[in-house]
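S.K.: The file below is upload-v4.txt, compact mmCIF, C-alpha atoms:
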# COMPACT_ATOMS: atom_id res chain seq x y z
CA PRO A 286 25.18 30.15 -76.37
CA LYS A 287 23.04 27.12 -77.18
CA TYR A 288 24.58 24.97 -74.44
CA ILE A 289 23.97 27.72 -71.89
CA ASP A 290 20.37 27.98 -73.05
CA ILE A 291 19.85 24.20 -72.70
CA VAL A 292 21.38 24.07 -69.22
CA LYS A 293 19.28 26.98 -68.01
CA ARG A 294 16.08 25.33 -69.24
CA VAL A 295 17.05 22.00 -67.68
CA GLN A 296 17.69 23.76 -64.36
CA ALA A 297 14.35 25.49 -64.62
CA GLY A 298 12.56 22.25 -65.51
CA THR A 299 11.30 23.70 -68.80
CA TYR A 300 13.52 21.84 -71.27
CA GLN A 301 11.79 19.85 -74.01
CA THR A 302 13.35 17.67 -76.70
CA GLU A 303 14.09 19.70 -79.80
CA SER A 304 15.88 19.70 -83.13
CA PHE A 305 18.29 22.59 -83.45
CA TYR A 306 20.00 23.91 -86.57
CA GLY A 307 22.45 26.68 -85.64
CA LEU A 308 22.77 29.78 -87.80
CA LEU A 309 25.07 32.76 -88.11
CA LYS A 310 22.42 35.06 -86.70
CA ASP A 311 22.10 33.15 -83.42
CA GLY A 312 25.86 33.10 -82.85
CA THR A 313 26.32 29.33 -83.13
CA PHE A 314 29.18 29.78 -85.57
CA ASP A 315 31.09 32.52 -87.35
CA LEU A 316 33.89 33.09 -89.85
CA ALA A 317 37.46 33.38 -88.56
CA PRO A 318 39.20 36.74 -89.21
CA LEU A 319 40.25 37.06 -92.82
CA SER A 320 43.93 36.90 -93.66
CA ALA A 321 45.81 40.12 -94.40
CA ARG A 322 46.39 38.67 -97.86
CA VAL A 323 42.69 38.90 -98.70
CA PRO A 324 42.09 42.04 -100.85
CA ALA A 325 40.00 44.84 -99.34
CA ASP A 326 37.21 44.51 -101.92
CA VAL A 327 36.91 40.77 -101.20
CA LYS A 328 36.76 41.44 -97.45
CA THR A 329 33.98 43.94 -98.04
CA LEU A 330 32.08 41.47 -100.20
CA VAL A 331 32.39 38.73 -97.56
CA GLU A 332 31.14 41.03 -94.80
CA GLN A 333 28.20 42.20 -96.88
CA ARG A 334 27.28 38.64 -97.79
CA LYS A 335 27.55 37.64 -94.13
CA GLN A 336 25.25 40.48 -93.10
CA ALA A 337 22.74 39.48 -95.77
CA LEU A 338 22.71 35.94 -94.34
CA VAL A 339 22.14 37.29 -90.83
CA ASP A 340 19.35 39.58 -92.05
CA GLY A 341 17.64 36.76 -93.95
CA LYS A 342 18.14 38.50 -97.30
CA PHE A 343 20.40 35.79 -98.70
CA ASN A 344 20.15 32.01 -98.77
CA VAL A 345 23.08 29.94 -100.00
CA PHE A 346 21.06 27.22 -101.75
CA CYS A 347 18.66 29.11 -104.00
CA GLY A 348 17.98 28.44 -107.65
CA PRO A 349 18.83 28.29 -110.33
CA PHE A 350 21.54 25.71 -109.69
CA LYS A 351 22.45 22.28 -110.99
CA SER A 352 24.02 19.15 -109.60
CA ALA A 353 27.50 18.08 -110.67
CA ASP A 354 25.98 15.69 -113.20
CA GLY A 355 23.90 18.45 -114.85
CA VAL A 356 20.46 17.94 -113.27
CA GLU A 357 18.61 21.19 -112.53
CA VAL A 358 18.06 20.90 -108.79
CA LEU A 359 16.06 24.08 -108.31
CA PRO A 360 14.68 26.70 -110.72
CA ALA A 361 15.04 30.44 -110.20
CA GLY A 362 12.83 31.85 -107.47
CA LYS A 363 13.07 28.89 -105.08
CA CYS A 364 15.36 27.91 -102.21
CA THR A 365 15.96 24.56 -100.55
CA THR A 366 13.96 23.71 -97.45
CA LEU A 367 15.76 22.84 -94.22
CA GLU A 368 14.99 19.14 -94.74
CA GLU A 369 16.43 19.28 -98.27
CA LYS A 370 19.61 20.90 -96.99
CA LEU A 371 20.04 18.26 -94.30
CA GLY A 372 19.44 15.48 -96.83
CA MET A 373 21.68 16.84 -99.57
CA ASP A 374 23.73 13.81 -100.70
CA PHE A 375 24.83 15.04 -104.14
CA PHE A 376 27.42 17.55 -105.30
CA ILE A 377 26.43 20.78 -107.00
CA GLN A 378 27.94 21.95 -110.26
CA GLY A 379 31.59 22.88 -109.79
CA VAL A 380 32.33 20.20 -107.16
CA ARG A 381 34.22 17.11 -108.30
CA GLY A 382 34.11 13.65 -106.77
CA GLU A 383 31.82 10.70 -106.24
CA ALA A 384 28.37 11.32 -104.85
CA SER A 385 24.74 10.43 -105.49
CA LYS A 386 23.14 11.57 -108.72
CA GLY A 387 21.42 14.91 -108.67
CA ARG A 388 17.65 15.17 -108.42
CA GLN A 389 15.03 17.86 -108.61
CA LEU A 390 13.96 19.32 -105.27
CA GLN A 391 10.62 20.80 -104.35
CA GLY A 392 12.07 23.84 -102.63
CA GLU A 393 10.19 26.77 -101.17
CA PRO A 394 9.63 30.40 -102.26
CA LEU A 395 12.36 32.96 -101.76
CA PRO A 396 12.27 34.62 -98.33
CA VAL A 397 10.51 37.99 -98.23
CA GLY A 398 12.96 40.72 -99.19
CA MET A 399 15.37 38.35 -100.91
CA ARG A 400 16.21 38.72 -104.58
CA ALA A 401 16.52 35.75 -106.92
CA PRO A 402 20.04 35.10 -108.25
CA ILE A 403 20.65 36.20 -111.84
CA PRO A 404 23.61 34.13 -113.07
CA ASN A 405 23.98 35.98 -116.40
CA PRO A 406 22.74 39.55 -115.93
CA LYS A 407 22.59 42.07 -118.75
CA VAL A 408 24.07 45.37 -117.56
CA ALA A 409 23.41 48.88 -118.91
CA PHE A 410 25.27 52.12 -118.22
CA VAL A 411 23.92 55.64 -118.74
CA TYR A 412 26.49 58.46 -119.03
CA VAL A 413 26.08 62.22 -118.95
CA GLY A 414 29.24 62.82 -121.02
CA PRO A 415 31.11 61.11 -123.83
CA VAL A 416 33.23 58.07 -122.98
CA GLY A 417 36.21 59.54 -124.80
CA ASP A 418 36.46 62.70 -122.69
CA LEU A 419 39.01 61.42 -120.13
CA GLY A 420 36.43 62.61 -117.61
CA TRP A 421 33.72 61.22 -115.35
CA SER A 422 31.99 59.15 -118.03
CA TYR A 423 35.32 57.82 -119.31
CA ALA A 424 36.26 56.68 -115.81
CA HIS A 425 32.95 54.85 -115.36
CA ASP A 426 33.29 53.25 -118.77
CA GLN A 427 36.69 51.89 -117.80
CA GLY A 428 34.87 50.16 -114.93
CA ARG A 429 32.36 48.73 -117.38
CA LEU A 430 35.18 47.30 -119.47
CA VAL A 431 36.48 45.54 -116.35
CA LEU A 432 33.10 43.78 -116.09
CA GLU A 433 33.30 42.56 -119.65
CA LYS A 434 36.89 41.41 -119.33
CA GLU A 435 36.87 39.85 -115.86
CA LEU A 436 33.26 38.69 -115.42
CA GLY A 437 32.25 38.18 -119.05
CA VAL A 438 28.95 40.03 -118.67
CA GLU A 439 26.99 41.57 -121.52
CA THR A 440 26.92 45.37 -121.28
CA ALA A 441 25.46 48.32 -123.17
CA ILE A 442 26.00 52.06 -122.90
CA SER A 443 24.29 55.34 -123.71
CA GLU A 444 26.48 58.44 -123.60
CA LEU A 445 25.75 62.17 -123.64
CA VAL A 446 22.36 61.59 -122.00
CA ALA A 447 21.02 64.87 -120.61
CA GLU A 448 19.65 64.94 -117.08
CA GLY A 449 15.85 65.16 -117.09
CA PRO A 450 13.29 63.64 -119.52
CA ASP A 451 15.98 62.22 -121.81
CA ALA A 452 17.51 60.27 -118.95
CA GLU A 453 14.17 58.76 -117.93
CA ARG A 454 13.47 57.74 -121.53
CA VAL A 455 16.85 56.01 -121.90
CA ILE A 456 16.65 54.25 -118.54
CA ARG A 457 13.11 53.06 -119.22
CA ASP A 458 14.16 51.76 -122.62
CA TYR A 459 16.85 49.58 -121.03
CA ALA A 460 14.31 48.27 -118.51
CA GLN A 461 11.85 47.40 -121.28
CA LYS A 462 14.61 45.58 -123.16
CA GLY A 463 15.20 43.28 -120.19
CA TYR A 464 18.43 44.60 -118.73
CA ASN A 465 18.83 43.28 -115.18
CA ILE A 466 21.13 45.98 -113.78
CA ILE A 467 21.11 49.63 -114.80
CA PHE A 468 23.86 51.97 -113.62
CA ALA A 469 22.89 55.65 -113.84
CA THR A 470 26.10 57.57 -113.38
CA SER A 471 25.14 61.22 -112.87
CA PHE A 472 23.65 63.05 -109.88
CA GLY A 473 20.85 64.59 -111.94
CA TYR A 474 19.51 61.16 -112.97
CA MET A 475 18.13 60.56 -109.47
CA ASP A 476 14.43 61.22 -109.99
CA SER A 477 14.48 59.55 -113.41
CA VAL A 478 15.87 56.38 -111.82
CA LEU A 479 13.21 56.34 -109.12
CA ASN A 480 10.40 56.96 -111.59
CA VAL A 481 11.41 53.98 -113.72
CA ALA A 482 12.39 51.70 -110.82
CA LYS A 483 8.91 51.69 -109.30
CA ASP A 484 7.58 50.10 -112.51
CA TYR A 485 10.29 47.39 -112.64
CA PRO A 486 10.73 45.93 -109.13
CA ASN A 487 12.80 42.97 -110.36
CA ILE A 488 15.47 45.15 -111.96
CA VAL A 489 18.38 46.49 -109.89
CA PHE A 490 19.00 50.21 -110.40
CA LEU A 491 22.19 51.79 -109.10
CA HIS A 492 22.60 55.55 -109.02
CA ALA A 493 25.98 57.25 -108.63
CA THR A 494 26.29 60.18 -106.17
CA GLY A 495 22.59 60.28 -105.30
CA TYR A 496 20.88 60.16 -101.91
CA LYS A 497 17.50 58.46 -102.53
CA THR A 498 17.03 54.69 -102.35
CA ALA A 499 14.25 52.12 -102.76
CA ASP A 500 14.03 48.34 -102.44
CA ASN A 501 15.49 47.99 -105.93
CA VAL A 502 17.46 51.26 -106.04
CA GLY A 503 20.89 51.56 -104.51
CA ILE A 504 23.27 54.52 -104.38
CA TYR A 505 27.03 54.51 -104.63
CA ASP A 506 29.78 57.07 -104.51
CA GLY A 507 33.43 57.43 -103.65
CA ARG A 508 35.10 59.62 -101.09
CA GLY A 509 36.55 61.80 -103.80
CA TYR A 510 37.35 64.44 -101.22
CA GLN A 511 40.27 62.28 -100.07
CA GLY A 512 41.93 62.59 -103.46
CA TRP A 513 41.13 66.29 -103.66
CA TYR A 514 42.78 66.93 -100.29
CA LEU A 515 45.96 65.22 -101.49
CA ALA A 516 45.89 67.11 -104.79
CA GLY A 517 45.46 70.29 -102.76
CA ILE A 518 48.77 69.64 -101.03
CA ALA A 519 50.54 69.48 -104.39
CA ALA A 520 48.74 72.65 -105.56
CA GLY A 521 49.50 74.53 -102.34
CA LYS A 522 53.18 73.77 -102.75
CA ALA A 523 53.22 74.68 -106.46
CA THR A 524 51.50 78.06 -106.39
CA LYS A 525 53.65 81.21 -106.37
CA LYS A 526 50.75 83.65 -106.25
CA ASN A 527 48.75 81.78 -103.56
CA VAL A 528 45.72 81.80 -105.86
CA LEU A 529 44.18 78.48 -106.93
CA GLY A 530 41.34 78.42 -109.45
CA TYR A 531 38.58 75.80 -109.35
CA VAL A 532 36.22 75.04 -112.25
CA ALA A 533 33.10 73.95 -110.33
CA PRO A 534 30.27 72.17 -112.19
CA TYR A 535 27.22 72.50 -109.93
CA PRO A 536 26.58 73.85 -106.41
CA ILE A 537 25.76 70.43 -104.90
CA PRO A 538 27.25 68.86 -101.75
CA GLU A 539 29.57 66.57 -103.74
CA VAL A 540 31.30 69.49 -105.46
CA VAL A 541 31.31 71.69 -102.34
CA ARG A 542 32.84 68.83 -100.32
CA ASN A 543 35.60 68.19 -102.86
CA MET A 544 36.47 71.86 -103.26
CA ASN A 545 36.60 72.33 -99.49
CA ALA A 546 38.95 69.36 -99.19
CA PHE A 547 41.14 70.81 -101.95
CA ALA A 548 41.36 74.09 -100.04
CA LEU A 549 42.16 72.35 -96.75
CA GLY A 550 44.91 70.33 -98.40
CA ALA A 551 46.46 73.42 -99.97
CA ARG A 552 46.28 75.45 -96.75
CA SER A 553 47.76 72.60 -94.69
CA VAL A 554 51.09 73.35 -96.43
CA ASN A 555 50.48 76.97 -97.47
CA PRO A 556 48.20 78.91 -95.09
CA GLN A 557 48.17 81.89 -97.48
CA ALA A 558 46.61 79.90 -100.32
CA THR A 559 43.09 80.80 -101.45
CA VAL A 560 40.70 79.02 -103.79
CA ILE A 561 38.51 80.91 -106.29
CA PRO A 562 35.65 78.90 -107.83
CA ILE A 563 33.79 79.65 -111.03
CA TRP A 564 30.49 77.77 -111.31
CA ILE A 565 29.70 76.65 -114.86
CA PHE A 566 26.46 74.70 -114.20
CA SER A 567 27.50 71.83 -116.42
CA TRP A 568 29.44 68.60 -116.07
CA PHE A 569 30.76 68.61 -119.60
CA ASP A 570 31.00 71.74 -121.70
CA PRO A 571 34.52 72.19 -123.14
CA ALA A 572 33.91 75.79 -124.22
CA LYS A 573 32.53 76.84 -120.83
CA GLU A 574 35.30 75.00 -119.03
CA ARG A 575 38.02 76.73 -121.06
CA GLU A 576 36.31 80.10 -120.61
CA ALA A 577 36.14 79.58 -116.84
CA ALA A 578 39.80 78.55 -116.70
CA GLN A 579 40.80 81.67 -118.64
CA ALA A 580 38.77 83.86 -116.27
CA LEU A 581 40.53 82.27 -113.29
CA ILE A 582 43.96 82.87 -114.85
CA ASP A 583 42.92 86.48 -115.47
CA GLN A 584 42.16 86.74 -111.75
CA GLY A 585 45.69 85.66 -110.89
CA ALA A 586 45.36 81.90 -110.45
CA ASP A 587 48.54 80.00 -111.27
CA VAL A 588 47.04 76.56 -110.57
CA ILE A 589 43.76 75.56 -112.26
CA ALA A 590 41.82 72.65 -110.79
CA ARG A 591 38.69 71.32 -112.43
CA GLU A 592 35.91 69.04 -111.28
CA SER A 593 34.39 69.24 -114.74
CA ASP A 594 34.91 66.53 -117.33
CA SER A 595 36.86 67.88 -120.30
CA VAL A 596 40.62 68.45 -120.43
CA GLU A 597 40.26 71.95 -121.91
CA PRO A 598 41.29 73.69 -118.65
CA ASP A 599 44.39 71.46 -118.51
CA LYS A 600 45.37 72.31 -122.08
CA LEU A 601 44.81 76.01 -121.49
CA ALA A 602 46.98 75.87 -118.36
CA GLU A 603 49.83 74.44 -120.41
CA GLN A 604 49.43 77.12 -123.07
CA GLU A 605 49.39 79.88 -120.45
CA GLY A 606 52.34 78.54 -118.47
CA VAL A 607 50.44 77.73 -115.26
CA TYR A 608 49.77 74.47 -113.48
CA ALA A 609 46.66 72.27 -113.54
CA VAL A 610 45.00 69.60 -111.40
CA GLY A 611 43.03 67.15 -113.52
CA TYR A 612 40.20 64.84 -112.52
CA ASN A 613 38.81 61.36 -113.21
CA ALA A 614 41.63 60.15 -115.47
CA VAL A 615 44.81 61.47 -117.04
CA SER A 616 46.74 60.90 -120.23
CA ALA A 617 50.48 61.42 -120.56
CA ASP A 618 50.02 63.34 -123.81
CA VAL A 619 47.56 65.91 -122.41
CA ALA A 620 49.22 68.94 -120.81
CA PRO A 621 52.26 67.01 -119.52
CA ASN A 622 54.02 70.23 -118.49
CA ALA A 623 51.03 71.54 -116.55
CA VAL A 624 49.20 68.69 -114.77
CA LEU A 625 50.55 68.24 -111.24
CA THR A 626 48.34 65.22 -110.52
CA ALA A 627 44.62 64.32 -110.43
CA PRO A 628 42.13 62.45 -108.26
CA ILE A 629 41.28 59.39 -110.38
CA TRP A 630 38.72 56.59 -110.14
CA ASN A 631 38.76 52.80 -110.34
CA TRP A 632 35.03 52.11 -110.64
CA GLY A 633 35.64 48.52 -111.74
CA VAL A 634 36.24 47.58 -108.09
CA TYR A 635 32.68 48.52 -107.18
CA TYR A 636 31.02 47.35 -110.40
CA LYS A 637 32.49 43.88 -110.04
CA GLN A 638 31.14 43.52 -106.52
CA ALA A 639 27.68 44.82 -107.39
CA VAL A 640 27.31 42.43 -110.34
CA GLN A 641 28.62 39.50 -108.31
CA GLN A 642 26.04 40.25 -105.61
CA VAL A 643 23.20 40.36 -108.14
CA ARG A 644 24.43 37.10 -109.66
CA ALA A 645 24.33 35.45 -106.24
CA GLY A 646 21.00 36.95 -105.16
CA ALA A 647 22.81 38.78 -102.35
CA TRP A 648 22.39 42.38 -103.52
CA THR A 649 20.74 44.87 -101.17
CA SER A 650 20.13 48.59 -101.53
CA THR A 651 22.61 49.45 -98.77
CA PRO A 652 24.39 52.72 -99.73
CA VAL A 653 28.05 52.44 -100.72
CA TRP A 654 30.60 55.20 -100.03
CA TRP A 655 34.09 53.84 -100.49
CA GLY A 656 37.45 55.57 -100.35
CA ILE A 657 41.12 55.26 -101.19
CA GLN A 658 41.43 52.47 -98.64
CA ASP A 659 38.92 50.40 -100.64
CA GLY A 660 40.74 50.85 -103.94
CA LEU A 661 37.93 52.88 -105.52
CA LEU A 662 40.03 56.00 -106.05
CA ASP A 663 43.61 57.14 -106.01
CA LEU A 664 45.88 59.96 -107.08
CA ALA A 665 47.33 59.99 -110.58
CA PRO A 666 51.11 59.80 -111.01
CA PHE A 667 52.77 63.13 -110.29
CA GLY A 668 53.94 65.37 -113.08
CA LYS A 669 57.67 65.74 -113.53
CA MET A 670 57.51 69.25 -112.08
CA VAL A 671 56.41 68.04 -108.61
CA PRO A 672 59.50 67.88 -106.35
CA ALA A 673 60.39 64.59 -104.65
CA ASP A 674 59.85 66.03 -101.16
CA VAL A 675 56.32 67.13 -102.10
CA GLN A 676 55.55 63.72 -103.55
CA ALA A 677 56.79 62.10 -100.34
CA LEU A 678 54.63 64.42 -98.23
CA VAL A 679 51.52 63.58 -100.27
CA GLU A 680 52.24 59.86 -100.02
CA LYS A 681 52.67 60.17 -96.27
CA GLU A 682 49.27 61.85 -95.92
CA LYS A 683 47.72 59.26 -98.21
CA ALA A 684 49.03 56.47 -95.96
CA ARG A 685 47.49 58.19 -92.94
CA ILE A 686 44.12 58.31 -94.71
CA VAL A 687 44.33 54.64 -95.72
CA SER A 688 45.22 53.56 -92.17
CA GLY A 689 42.36 55.57 -90.68
CA GLU A 690 44.76 57.71 -88.65
CA PHE A 691 43.71 60.90 -90.43
CA ASP A 692 40.27 62.23 -91.36
CA ILE A 693 40.21 65.39 -93.45
CA PHE A 694 37.17 67.11 -92.00
CA VAL A 695 38.16 67.37 -88.33
CA GLY A 696 37.86 70.60 -86.34
CA PRO A 697 38.65 73.28 -85.72
CA LEU A 698 37.06 74.29 -89.03
CA LYS A 699 35.75 77.74 -89.88
CA ASP A 700 33.65 78.80 -92.82
CA ASN A 701 34.84 81.53 -95.17
CA ALA A 702 32.98 84.15 -93.14
CA GLY A 703 35.03 83.28 -90.06
CA ALA A 704 32.36 81.40 -88.11
CA GLU A 705 33.41 78.19 -86.37
CA ARG A 706 31.54 75.28 -87.93
CA VAL A 707 33.36 72.30 -86.40
CA LYS A 708 34.90 72.42 -82.94
CA ALA A 709 38.47 71.36 -82.27
CA GLY A 710 38.91 67.59 -82.19
CA VAL A 711 35.42 66.87 -83.55
CA ALA A 712 35.12 64.92 -86.80
CA MET A 713 32.27 65.65 -89.17
CA THR A 714 29.91 62.71 -89.55
CA ASP A 715 29.30 61.11 -92.92
CA ASP A 716 25.80 62.61 -92.95
CA GLU A 717 27.30 66.07 -92.44
CA LYS A 718 29.85 65.50 -95.20
CA LEU A 719 27.15 64.29 -97.56
CA ALA A 720 25.11 67.44 -96.90
CA PHE A 721 27.99 69.96 -97.14
CA ASN A 722 26.47 73.39 -97.81
CA TRP A 723 29.15 75.82 -96.63
CA LEU A 724 32.61 76.86 -97.81
CA VAL A 725 35.67 76.46 -95.62
CA GLU A 726 38.05 79.25 -94.75
CA GLY A 727 40.19 80.10 -97.74
CA VAL A 728 37.52 79.55 -100.41
CA LYS A 729 36.27 82.80 -101.93
CA GLY A 730 32.68 83.66 -102.75
CA THR A 731 29.38 81.98 -101.94
CA ILE A 732 27.47 78.88 -103.04
CA PRO A 733 24.92 79.82 -105.73
CA LYS A 734 21.30 79.05 -104.91
I need this file expressed as structure tokens, please.
M.R.:
Amino acid sequence: PKYIDIVKRVQAGTYQTESFYGLLKDGTFDLAPLSARVPADVKTLVEQRKQALVDGKFNVFCGPFKSADGVEVLPAGKCTTLEEKLGMDFFIQGVRGEASKGRQLQGEPLPVGMRAPIPNPKVAFVYVGPVGDLGWSYAHDQGRLVLEKELGVETAISELVAEGPDAERVIRDYAQKGYNIIFATSFGYMDSVLNVAKDYPNIVFLHATGYKTADNVGIYDGRGYQGWYLAGIAAGKATKKNVLGYVAPYPIPEVVRNMNAFALGARSVNPQATVIPIWIFSWFDPAKEREAAQALIDQGADVIARESDSVEPDKLAEQEGVYAVGYNAVSADVAPNAVLTAPIWNWGVYYKQAVQQVRAGAWTSTPVWWGIQDGLLDLAPFGKMVPADVQALVEKEKARIVSGEFDIFVGPLKDNAGAERVKAGVAMTDDEKLAFNWLVEGVKGTIPK
């Protein structure tokens, strides 16, 4: 592109001598396609870092960094000037070999919108449930442990933090204590996060399953509906009564979306299957969860799925001789004769990338919504009662999701009142999925207001 530009200006008689330093954003150079051996999460990180360079939100040579011989070249909050880059004749820390001794550079302020690197961030996690529940909070805490083990970062947790004033108090306390990254892992923490974030612009706040962002507030979630669709196939094949129960925490798009996917999966192999939800208005309440599961069994359900956090519905299913679909994580010693499978999370994949981006000064508040293909979620190993042909069918559908061949929410789709909501061959957009407020055909009842 540059040569064409020069020739055109010479032809037009407008060319003037210039110094040119090509950048990614002007197309002078690029990165070759990544090898198939590069893991998906690394590919995503590279692409995000590349986009940050193009957008001017990331600069490779920004402080703090040292030369190979230990001289602090630049402090935090400054980046090298163009002249300093062109005149760099020393190696930075981590590069071996002979070169000039390091020296301090003058540098220039960070570009507008760019965050300073934080080489050793302190990271806090706020959980709505207990970390020992084998539920949502447990799954997130397993991701935290990955950070400690693989990145060596300092972390802290607060569990059983109620949504509302308590959440804001806990989040603000971490900010006041100097934590650099705060992960708030429940939908109902959204406003609390935003209220605190506006007072601490240099702290990165990350909110799970939310939909509001700010310059220092990002949102992240997983396409849990993919796992729920696959679990639905196993449930649809297992039921003898064609009645599937669903312990539903709150009437929010995330739960509606997952339950709809579960129903679609079940009905893809058993068109007579129906799903009955009971809304408990809680993420973690073992007594309520068990009570809801019992009520579903009393209504004829012979498979109990739960999007709530405790394993009480699973244990009840085993006691009552029906099947269960777990969620978040499973344990071989909990209801082994009942649990068919479960959508499970691997939050460490995302947490590692987010912390690495903050360390490098490359983090942006771009929303993250990853799926099975990104390694963020999967399906738990099948129970021994799931036949081999059913396991093979589920694995086949999983492979189609991973390859991009199959998208779950593609028309024709009707709601449970019989009205067509998505025309044949039309795929719902991500925005439509994120705002799901209707129940698909086969799901009984209505969404509470």
S.K.: Kindly indicate which residue among A:Lys729, A:Lys718, A:Arg552, A:Arg508 lies nearest to Ile657 of chain A, using all atoms listed in the file for the distances.
M.R.: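 Looking only at the distances to Ile657 of chain A, the closest residue turns out to be A:Arg508.
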S.K.: Pick from A:Ala665, A:Val640, A:Ile466, A:Val397: nearest to Gly362 of chain A, with only C-alpha atoms counted?
M.R.: A:Val397
S.K.: Find the distance between atom CA of Gln584 of chain A and atom CA of Val554 of chain A and write it in Å to one decimal.
M.R.: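 Taking atom CA of Gln584 of chain A and atom CA of Val554 of chain A, their separation equals 22.2 Å.
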S.K.: Ranking A:Ala677, A:Gly550, A:Gln641, A:Leu308 by minimum distance to Gly437 of chain A and counting all atoms listed in the file, which one comes first?
M.R.: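 Among the listed residues, A:Gln641 lies closest to Gly437 of chain A.
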S.K.: Distance atom CA of Gly392 of chain A-atom CA of Thr366 of chain A, one decimal place?
M.R.: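 Rounded to one decimal, the two atoms are 5.5 Å apart.
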S.K.: Please produce segment 500-513 of chain A, completed to N, CA and C atoms, as an mmCIF file, keeping the file's coordinate frame.
M.R.:
data_model
loop_
_atom_site.group_PDB
_atom_site.id
_atom_site.type_symbol
_atom_site.label_atom_id
_atom_site.label_comp_id
_atom_site.auth_asym_id
_atom_site.auth_seq_id
_atom_site.Cartn_x
_atom_site.Cartn_y
_atom_site.Cartn_z
ATOM 1 N N ASP A 500 13.693 49.760 -102.568
ATOM 2 C CA ASP A 500 14.030 48.340 -102.440
ATOM 3 C C ASP A 500 14.914 47.853 -103.585
ATOM 4 N N ASN A 501 14.697 48.412 -104.767
ATOM 5 C CA ASN A 501 15.490 47.990 -105.930
ATOM 6 C C ASN A 501 16.365 49.112 -106.472
ATOM 7 N N VAL A 502 16.600 50.145 -105.655
ATOM 8 C CA VAL A 502 17.460 51.260 -106.040
ATOM 9 C C VAL A 502 18.539 51.467 -104.987
ATOM 10 N N GLY A 503 19.772 51.304 -105.396
ATOM 11 C CA GLY A 503 20.890 51.560 -104.510
ATOM 12 C C GLY A 503 21.643 52.803 -104.949
ATOM 13 N N ILE A 504 22.429 53.364 -104.053
ATOM 14 C CA ILE A 504 23.270 54.520 -104.380
ATOM 15 C C ILE A 504 24.714 54.171 -104.065
ATOM 16 N N TYR A 505 25.611 54.750 -104.853
ATOM 17 C CA TYR A 505 27.030 54.510 -104.630
ATOM 18 C C TYR A 505 27.824 55.755 -104.970
ATOM 19 N N ASP A 506 28.914 55.925 -104.279
ATOM 20 C CA ASP A 506 29.780 57.070 -104.510
ATOM 21 C C ASP A 506 31.143 56.739 -103.938
ATOM 22 N N GLY A 507 32.098 57.581 -104.222
ATOM 23 C CA GLY A 507 33.430 57.430 -103.650
ATOM 24 C C GLY A 507 33.774 58.664 -102.845
ATOM 25 N N ARG A 508 34.668 58.492 -101.916
ATOM 26 C CA ARG A 508 35.100 59.620 -101.090
ATOM 27 C C ARG A 508 36.146 60.426 -101.865
ATOM 28 N N GLY A 509 35.664 61.043 -102.935
ATOM 29 C CA GLY A 509 36.550 61.800 -103.800
ATOM 30 C C GLY A 509 37.300 62.892 -103.074
ATOM 31 N N TYR A 510 36.717 63.365 -101.976
ATOM 32 C CA TYR A 510 37.350 64.440 -101.220
ATOM 33 C C TYR A 510 38.732 64.036 -100.701
ATOM 34 N N GLN A 511 38.956 62.725 -100.517
ATOM 35 C CA GLN A 511 40.270 62.280 -100.070
ATOM 36 C C GLN A 511 41.331 62.595 -101.123
ATOM 37 N N GLY A 512 41.014 62.287 -102.374
ATOM 38 C CA GLY A 512 41.930 62.590 -103.460
ATOM 39 C C GLY A 512 42.114 64.086 -103.652
ATOM 40 N N TRP A 513 41.035 64.835 -103.489
ATOM 41 C CA TRP A 513 41.130 66.290 -103.660
ATOM 42 C C TRP A 513 41.978 66.928 -102.564
#
